[in-house]
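The structure file work24.cif is reproduced below (mmCIF, C-alpha atoms and all ligand atoms).
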data_model
loop_
_atom_site.label_atom_id
_atom_site.label_comp_id
_atom_site.auth_asym_id
_atom_site.auth_seq_id
_atom_site.Cartn_x
_atom_site.Cartn_y
_atom_site.Cartn_z
CA MET A 1 -24.52 17.94 9.84
CA ALA A 2 -26.70 17.61 6.78
CA ASP A 3 -24.18 18.58 4.12
CA GLY A 4 -21.42 16.22 5.30
CA THR A 5 -19.77 13.58 3.14
CA GLU A 6 -19.77 10.03 4.54
CA ALA A 7 -16.37 8.49 3.89
CA ILE A 8 -14.00 5.68 4.90
CA VAL A 9 -10.30 6.55 5.13
CA LEU A 10 -8.20 4.25 2.90
CA ARG A 11 -4.76 5.79 3.45
CA THR A 12 -3.09 9.00 4.55
CA LEU A 13 0.06 10.77 3.36
CA ARG A 14 2.04 13.53 5.01
CA TYR A 15 2.12 16.63 2.86
CA GLY A 16 4.26 19.74 3.24
CA GLU A 17 5.07 21.10 6.69
CA ALA A 18 1.95 20.15 8.57
CA ASP A 19 -0.74 19.03 6.13
CA LEU A 20 -2.25 15.61 5.60
CA ILE A 21 -3.67 14.17 2.39
CA ALA A 22 -6.20 11.37 2.82
CA HIS A 23 -7.51 9.00 0.18
CA VAL A 24 -11.08 8.22 1.12
CA TYR A 25 -13.94 6.13 -0.29
CA THR A 26 -17.08 8.25 -0.07
CA ARG A 27 -20.63 6.97 -0.01
CA HIS A 28 -21.86 9.14 -2.87
CA ALA A 29 -18.80 10.16 -4.89
CA GLY A 30 -16.54 7.09 -4.86
CA ARG A 31 -12.83 7.29 -4.19
CA ARG A 32 -11.22 10.70 -3.95
CA GLY A 33 -8.47 12.71 -2.28
CA VAL A 34 -8.93 15.33 0.43
CA ILE A 35 -6.46 17.61 2.19
CA ALA A 36 -6.52 18.63 5.84
CA LYS A 37 -4.43 21.75 6.27
CA GLY A 38 -2.43 21.95 9.48
CA ALA A 39 -3.67 18.48 10.50
CA ARG A 40 -0.23 17.40 11.74
CA LYS A 41 0.11 20.32 14.17
CA PRO A 42 -0.13 19.10 17.77
CA LYS A 43 -3.34 20.97 18.53
CA SER A 44 -5.20 20.06 15.32
CA ARG A 45 -8.57 18.43 15.86
CA LEU A 46 -8.54 16.95 12.37
CA GLY A 47 -5.33 14.90 12.40
CA ALA A 48 -6.23 12.27 14.99
CA ARG A 49 -9.47 11.49 13.18
CA LEU A 50 -8.03 11.14 9.70
CA GLU A 51 -6.67 7.63 10.11
CA PRO A 52 -7.10 4.51 7.97
CA PHE A 53 -10.16 2.34 8.90
CA LEU A 54 -12.21 5.24 10.33
CA ALA A 55 -15.69 5.91 8.97
CA LEU A 56 -16.30 9.65 9.09
CA THR A 57 -18.57 12.47 8.11
CA LEU A 58 -16.37 15.08 6.44
CA GLN A 59 -17.18 18.74 5.96
CA LEU A 60 -15.52 19.48 2.62
CA VAL A 61 -14.89 22.62 0.62
CA GLU A 62 -14.14 22.09 -3.06
CA GLY A 63 -11.13 24.02 -4.35
CA ARG A 64 -9.64 24.65 -7.78
CA GLY A 65 -7.64 21.43 -7.79
CA ASP A 66 -8.71 17.84 -7.38
CA LEU A 67 -8.36 17.78 -3.59
CA ALA A 68 -11.25 19.05 -1.49
CA THR A 69 -10.26 20.77 1.75
CA VAL A 70 -11.42 19.19 5.02
CA ARG A 71 -13.03 21.77 7.33
CA GLY A 72 -14.52 19.41 9.90
CA VAL A 73 -14.64 15.73 10.85
CA ASP A 74 -17.23 13.74 12.80
CA VAL A 75 -16.46 10.11 13.62
CA ILE A 76 -19.17 7.62 12.60
CA ALA A 77 -17.18 4.49 13.57
CA ALA A 78 -13.63 4.53 14.98
CA HIS A 79 -13.09 0.73 14.70
CA ASP A 80 -10.81 0.84 17.76
CA SER A 81 -10.72 -2.95 18.29
CA LEU A 82 -9.69 -3.50 14.68
CA ARG A 83 -6.97 -0.86 14.96
CA SER A 84 -5.54 -2.35 18.14
CA SER A 85 -5.36 -5.93 16.82
CA TRP A 86 -2.31 -6.69 14.68
CA ARG A 87 -4.01 -9.46 12.70
CA ALA A 88 -7.25 -7.53 12.14
CA GLN A 89 -5.21 -4.54 10.97
CA GLN A 90 -3.35 -6.72 8.50
CA VAL A 91 -6.59 -8.18 7.12
CA GLY A 92 -8.26 -4.76 7.04
CA ALA A 93 -5.26 -3.15 5.36
CA ALA A 94 -5.38 -5.75 2.56
CA ALA A 95 -9.04 -4.80 1.95
CA LEU A 96 -8.35 -1.05 1.96
CA ASP A 97 -5.41 -1.56 -0.37
CA LEU A 98 -7.51 -3.54 -2.85
CA VAL A 99 -10.28 -0.91 -2.82
CA SER A 100 -7.65 1.81 -3.37
CA ARG A 101 -6.17 0.08 -6.37
CA ILE A 102 -9.16 -1.58 -8.03
CA THR A 103 -11.58 1.38 -8.00
CA VAL A 104 -11.53 4.35 -10.35
CA GLU A 105 -11.42 7.83 -8.82
CA HIS A 106 -14.70 9.79 -8.76
CA GLN A 107 -16.70 6.75 -9.86
CA PRO A 108 -19.38 6.32 -7.20
CA SER A 109 -20.70 2.96 -5.99
CA GLU A 110 -22.91 3.05 -2.94
CA PRO A 111 -23.00 -0.79 -2.73
CA LEU A 112 -19.19 -0.79 -2.58
CA TYR A 113 -19.24 1.79 0.22
CA HIS A 114 -21.71 -0.33 2.22
CA LEU A 115 -19.74 -3.53 1.56
CA LEU A 116 -16.54 -1.95 2.86
CA ARG A 117 -18.30 -0.38 5.84
CA ASN A 118 -19.94 -3.71 6.74
CA PHE A 119 -16.62 -5.57 6.38
CA LEU A 120 -14.78 -3.13 8.69
CA ASP A 121 -17.61 -3.22 11.26
CA LEU A 122 -17.53 -7.04 11.34
CA LEU A 123 -13.74 -7.19 11.50
CA ASP A 124 -13.86 -4.72 14.38
CA SER A 125 -16.48 -6.76 16.26
CA THR A 126 -14.58 -10.05 15.81
CA ALA A 127 -11.25 -8.44 16.74
CA GLY A 128 -12.73 -7.22 20.00
CA ARG A 129 -14.39 -10.47 20.97
CA THR A 130 -11.72 -12.84 22.23
CA PRO A 131 -8.36 -11.41 23.21
CA PRO A 132 -5.78 -12.81 22.97
CA ALA A 133 -6.20 -13.88 19.37
CA SER A 134 -6.50 -17.62 18.79
CA ASP A 135 -5.99 -19.59 15.58
CA GLY A 136 -9.77 -19.52 15.07
CA ASP A 137 -9.67 -15.72 14.89
CA GLU A 138 -6.99 -15.86 12.26
CA GLN A 139 -9.04 -18.27 10.16
CA ARG A 140 -12.16 -16.15 10.59
CA GLY A 141 -10.23 -13.03 9.57
CA SER A 142 -8.98 -14.77 6.42
CA ALA A 143 -12.49 -16.05 5.63
CA LEU A 144 -13.90 -12.52 6.01
CA LEU A 145 -11.18 -11.10 3.77
CA VAL A 146 -11.63 -13.65 0.96
CA ALA A 147 -15.44 -13.29 1.17
CA PHE A 148 -15.05 -9.50 1.02
CA GLN A 149 -12.76 -9.79 -2.01
CA LEU A 150 -15.20 -12.07 -3.87
CA LYS A 151 -18.14 -9.77 -3.08
CA LEU A 152 -16.06 -6.75 -4.15
CA LEU A 153 -15.37 -8.42 -7.52
CA HIS A 154 -19.12 -8.95 -7.83
CA VAL A 155 -19.92 -5.30 -7.00
CA ILE A 156 -17.46 -3.97 -9.59
CA GLY A 157 -18.73 -6.39 -12.21
CA ILE A 158 -15.85 -8.83 -12.62
CA ALA A 159 -16.98 -11.67 -10.35
CA PRO A 160 -15.80 -15.10 -11.52
CA GLN A 161 -18.58 -17.39 -12.72
CA LEU A 162 -18.83 -20.23 -10.22
CA ALA A 163 -22.29 -21.69 -10.85
CA ALA A 164 -21.50 -23.55 -14.09
CA CYS A 165 -18.66 -24.26 -16.49
CA VAL A 166 -17.69 -20.99 -18.15
CA ARG A 167 -17.08 -22.75 -21.50
CA CYS A 168 -19.98 -25.18 -21.97
CA GLY A 169 -22.45 -23.80 -19.42
CA ASP A 170 -23.01 -27.21 -17.88
CA ALA A 171 -23.70 -27.06 -14.17
CA ASP A 172 -23.48 -30.81 -13.49
CA ALA A 173 -20.35 -31.63 -15.43
CA GLY A 174 -17.89 -31.89 -12.53
CA ILE A 175 -15.91 -28.69 -12.03
CA ALA A 176 -12.18 -29.42 -12.21
CA ALA A 177 -10.39 -26.14 -12.95
CA PHE A 178 -10.51 -22.36 -13.01
CA SER A 179 -9.67 -20.02 -15.86
CA ALA A 180 -8.94 -16.43 -14.83
CA ALA A 181 -8.77 -15.43 -18.49
CA ASP A 182 -12.28 -16.79 -19.21
CA GLY A 183 -13.58 -15.56 -15.86
CA GLY A 184 -14.90 -18.73 -14.27
CA VAL A 185 -14.75 -22.39 -13.41
CA VAL A 186 -14.20 -25.09 -16.02
CA CYS A 187 -15.53 -28.66 -16.17
CA ARG A 188 -13.50 -31.82 -16.70
CA GLY A 189 -14.48 -32.06 -20.35
CA CYS A 190 -13.57 -28.46 -21.24
CA ARG A 191 -10.39 -28.25 -19.21
CA THR A 192 -7.13 -27.32 -20.98
CA PRO A 193 -3.54 -27.46 -19.66
CA ASN A 194 -3.55 -23.66 -19.20
CA ASP A 195 -6.32 -23.80 -16.59
CA GLN A 196 -5.60 -23.81 -12.86
CA SER A 197 -6.71 -27.07 -11.28
CA LEU A 198 -9.41 -26.79 -8.66
CA ASP A 199 -10.19 -29.58 -6.19
CA ALA A 200 -13.71 -30.13 -4.88
CA ALA A 201 -13.05 -28.64 -1.43
CA THR A 202 -11.65 -25.42 -2.92
CA TYR A 203 -14.54 -25.14 -5.37
CA ASP A 204 -17.11 -25.68 -2.59
CA GLY A 205 -15.25 -23.19 -0.40
CA ALA A 206 -15.30 -20.50 -3.09
CA VAL A 207 -19.03 -21.00 -3.69
CA ALA A 208 -19.75 -20.83 0.06
CA LEU A 209 -17.64 -17.67 0.53
CA MET A 210 -19.40 -15.96 -2.38
CA ARG A 211 -22.87 -16.92 -1.11
CA THR A 212 -22.61 -16.66 2.66
CA PRO A 213 -23.26 -13.25 4.21
CA MET A 214 -20.14 -11.88 5.90
CA SER A 215 -22.15 -11.37 9.10
CA GLU A 216 -22.68 -15.14 9.23
CA LEU A 217 -19.01 -15.95 8.59
CA ALA A 218 -18.07 -13.56 11.41
CA THR A 219 -19.93 -15.70 13.96
CA ARG A 220 -18.66 -19.11 12.80
CA ASP A 221 -15.89 -21.09 14.43
CA GLY A 222 -12.97 -22.78 12.69
CA ASP A 223 -14.71 -26.11 12.02
CA ASP A 224 -17.59 -24.41 10.22
CA LEU A 225 -15.36 -22.24 8.04
CA PRO A 226 -13.41 -23.27 4.92
CA SER A 227 -10.00 -24.62 5.96
CA VAL A 228 -6.90 -22.41 5.94
CA ARG A 229 -5.64 -24.27 2.86
CA VAL A 230 -8.91 -23.66 0.99
CA LEU A 231 -8.91 -19.98 1.99
CA ARG A 232 -5.35 -19.58 0.72
CA THR A 233 -6.11 -21.36 -2.54
CA VAL A 234 -9.28 -19.34 -3.22
CA GLY A 235 -7.45 -16.11 -2.29
CA SER A 236 -4.27 -16.71 -4.28
CA GLY A 237 -5.95 -18.56 -7.15
CA ILE A 238 -9.49 -17.41 -7.94
CA VAL A 239 -9.41 -13.93 -6.34
CA ALA A 240 -5.86 -12.92 -7.28
CA GLY A 241 -6.17 -14.45 -10.77
CA THR A 242 -9.36 -12.48 -11.44
CA CYS A 243 -7.88 -9.23 -10.09
CA ARG A 244 -4.75 -9.61 -12.22
CA GLU A 245 -6.54 -10.65 -15.37
CA HIS A 246 -9.47 -8.24 -15.31
CA ALA A 247 -8.24 -5.25 -13.29
CA GLY A 248 -4.43 -5.39 -13.59
CA VAL A 249 -4.13 -5.47 -9.80
CA ASN A 250 -2.31 -7.96 -7.56
CA PRO A 251 -4.12 -8.15 -4.20
CA LYS A 252 -2.37 -8.55 -0.84
CA HIS A 253 -3.35 -11.43 1.41
ZN ZN B 301 -17.51 -27.37 -19.68
#

Show the structure stored in the file as structure tokens.
Amino acid sequence: MADGTEAIVLRTLRYGEADLIAHVYTRHAGRRGVIAKGARKPKSRLGARLEPFLALTLQLVEGRGDLATVRGVDVIAAHDSLRSSWRAQQVGAAALDLVSRITVEHQPSEPLYHLLRNFLDLLDSTAGRTPPASDGDEQRGSALLVAFQLKLLHVIGIAPQLAACVRCGDADAGIAAFSAADGGVVCRGCRTPNDQSLDAATYDGAVALMRTPMSELATRDGDDLPSVRVLRTVGSGIVAGTCREHAGVNPKH
């Protein structure tokens, strides 16, 4: 259908007797709310398709209020493997939650839409690959999530500077810390007690996660990925610090 709106469902809320409100990230109009009337009635064809993680084409009718009314739904990608894996769901939910809270309604970003779509597709493909889940899957899921978060910060314009010291601009000065307030890494000479210390493995891990395409991370095994400790430190230090300082948002892990 030519006039459809491509969208990814971020979350849904029950509304009234039988309606459903969905928060979606659309390809051309950014984040917005839509309402599916009667979607929770047993025979509704809309309800089952309006679920978090689904990529859809929505037929929308604009109303007087802020919520467009859903008249039809076509599924682009159901992400069934993702939705049936507990760990993949947890990782995916953290990404949807961050997009919900860090984006501004009605502010379009097609790169952000594609980043989220690509992330969910990869998470779905890795979730379906090797049941039952092994430790390697868990590490890969975390690596994908932290990489997604760093790339999201880049897309919305608040990526931390990792290439050189954010204070003196020196790239060879030995990075030793991170400053969320200044938005980047800090060298040994410029470091102050307020900065978060950053060991070499964590710094290298952050640079690799920022640079490496998610599609490549999705195919790597545990030994070729940053360690679980590095992933946690990058996620809770660099990513969370940047989100808190520059967007007022505390991301889930
Ligand atoms: Zn410096």

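Identified as lying at most 9 Å from ligand ZN 301 (chain B) when counting all atoms listed in the file are the residues A:Ala164, A:Cys165, A:Val166, A:Arg167, A:Cys168, A:Gly169, A:Asp170, A:Ala171, A:Ala173, A:Gly174, A:Ile175, A:Val185, A:Val186, A:Cys187, A:Arg188, A:Gly189, A:Cys190, A:Arg191.
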
Please determine, counting only C-alpha atoms, which residue among A:Leu67, A:Leu60, A:Val75, A:Leu231 has the shortest atom-to-atom distance to A:His23.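 Answer, going by the shortest atom-to-atom distance: A:Leu67.
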
Expressed in Å to a single decimal, how great is the separation between atom CA of A:Lys41 and atom CA of A:Leu58? 18.9 Å

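Nearest to A:Asp137 of all the residues A:Arg87, A:Arg211, A:Arg117, A:Arg14 is A:Arg87, based on all atoms listed in the file.
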
Between atom CA of A:Glu105 and atom CA of A:Gly30, what distance in Å does the model show, to one decimal?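 Result for atom CA of A:Glu105 versus atom CA of A:Gly30: 6.5 Å, one decimal.
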
For a cut-off of 12 Å around (-6.1, -16.8, -4.2), file coordinates, pick out all residues using only C-alpha atoms and list them as a ChimeraX atom specification. /A:142-143,145-147,149-150,178,180,196,198,202-203,205-206,228-244,250-253

How many Å lie between atom CA of A:Leu20 and atom CA of A:Ile8, rounded to one decimal?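 Separating atom CA of A:Leu20 from atom CA of A:Ile8 is a distance of 15.4 Å.
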
List the neighbours of A:Gln107 out to 7 Å using only C-alpha atoms; skip same-chain residues closer than 3 positions along the sequence, and give me the result as JSON, numbers by chain. {"A": [29, 30, 31, 104]}

Using C-alpha atoms, can you export the residues from the last selection as a compact mmCIF listing (two decimals), in the coordinates of the input?
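This went into part.txt:
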# COMPACT_ATOMS: atom_id res chain seq x y z
CA ALA A 29 -18.80 10.16 -4.89
CA GLY A 30 -16.54 7.09 -4.86
CA ARG A 31 -12.83 7.29 -4.19
CA VAL A 104 -11.53 4.35 -10.35

Between A:Val61, A:Leu98, A:Leu225, A:Leu13, which is the closest to A:Arg40 once you count only C-alpha atoms?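 The shortest atom-to-atom distance to A:Arg40 comes from A:Leu13.
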
With a distance cut-off of 12 Å and only C-alpha atoms, select the neighbouring residues of A:Gly63, excluding the residue or stretch itself and same-chain residues fewer than 6 positions from it, and output the selection as a VMD selection string. chain A and resid 33 to 35 69 to 70

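Proximity to A:Gly157 was assessed for A:Ala7, A:Ala55, A:Ile102, A:Ala88 counting all atoms listed in the file; the smallest distance is recorded for A:Ile102.
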
Hey, which of A:Ala78, A:Ala218, A:Val207, A:Leu116 ends up closest to A:Asp97? Count only C-alpha atoms. A:Leu116
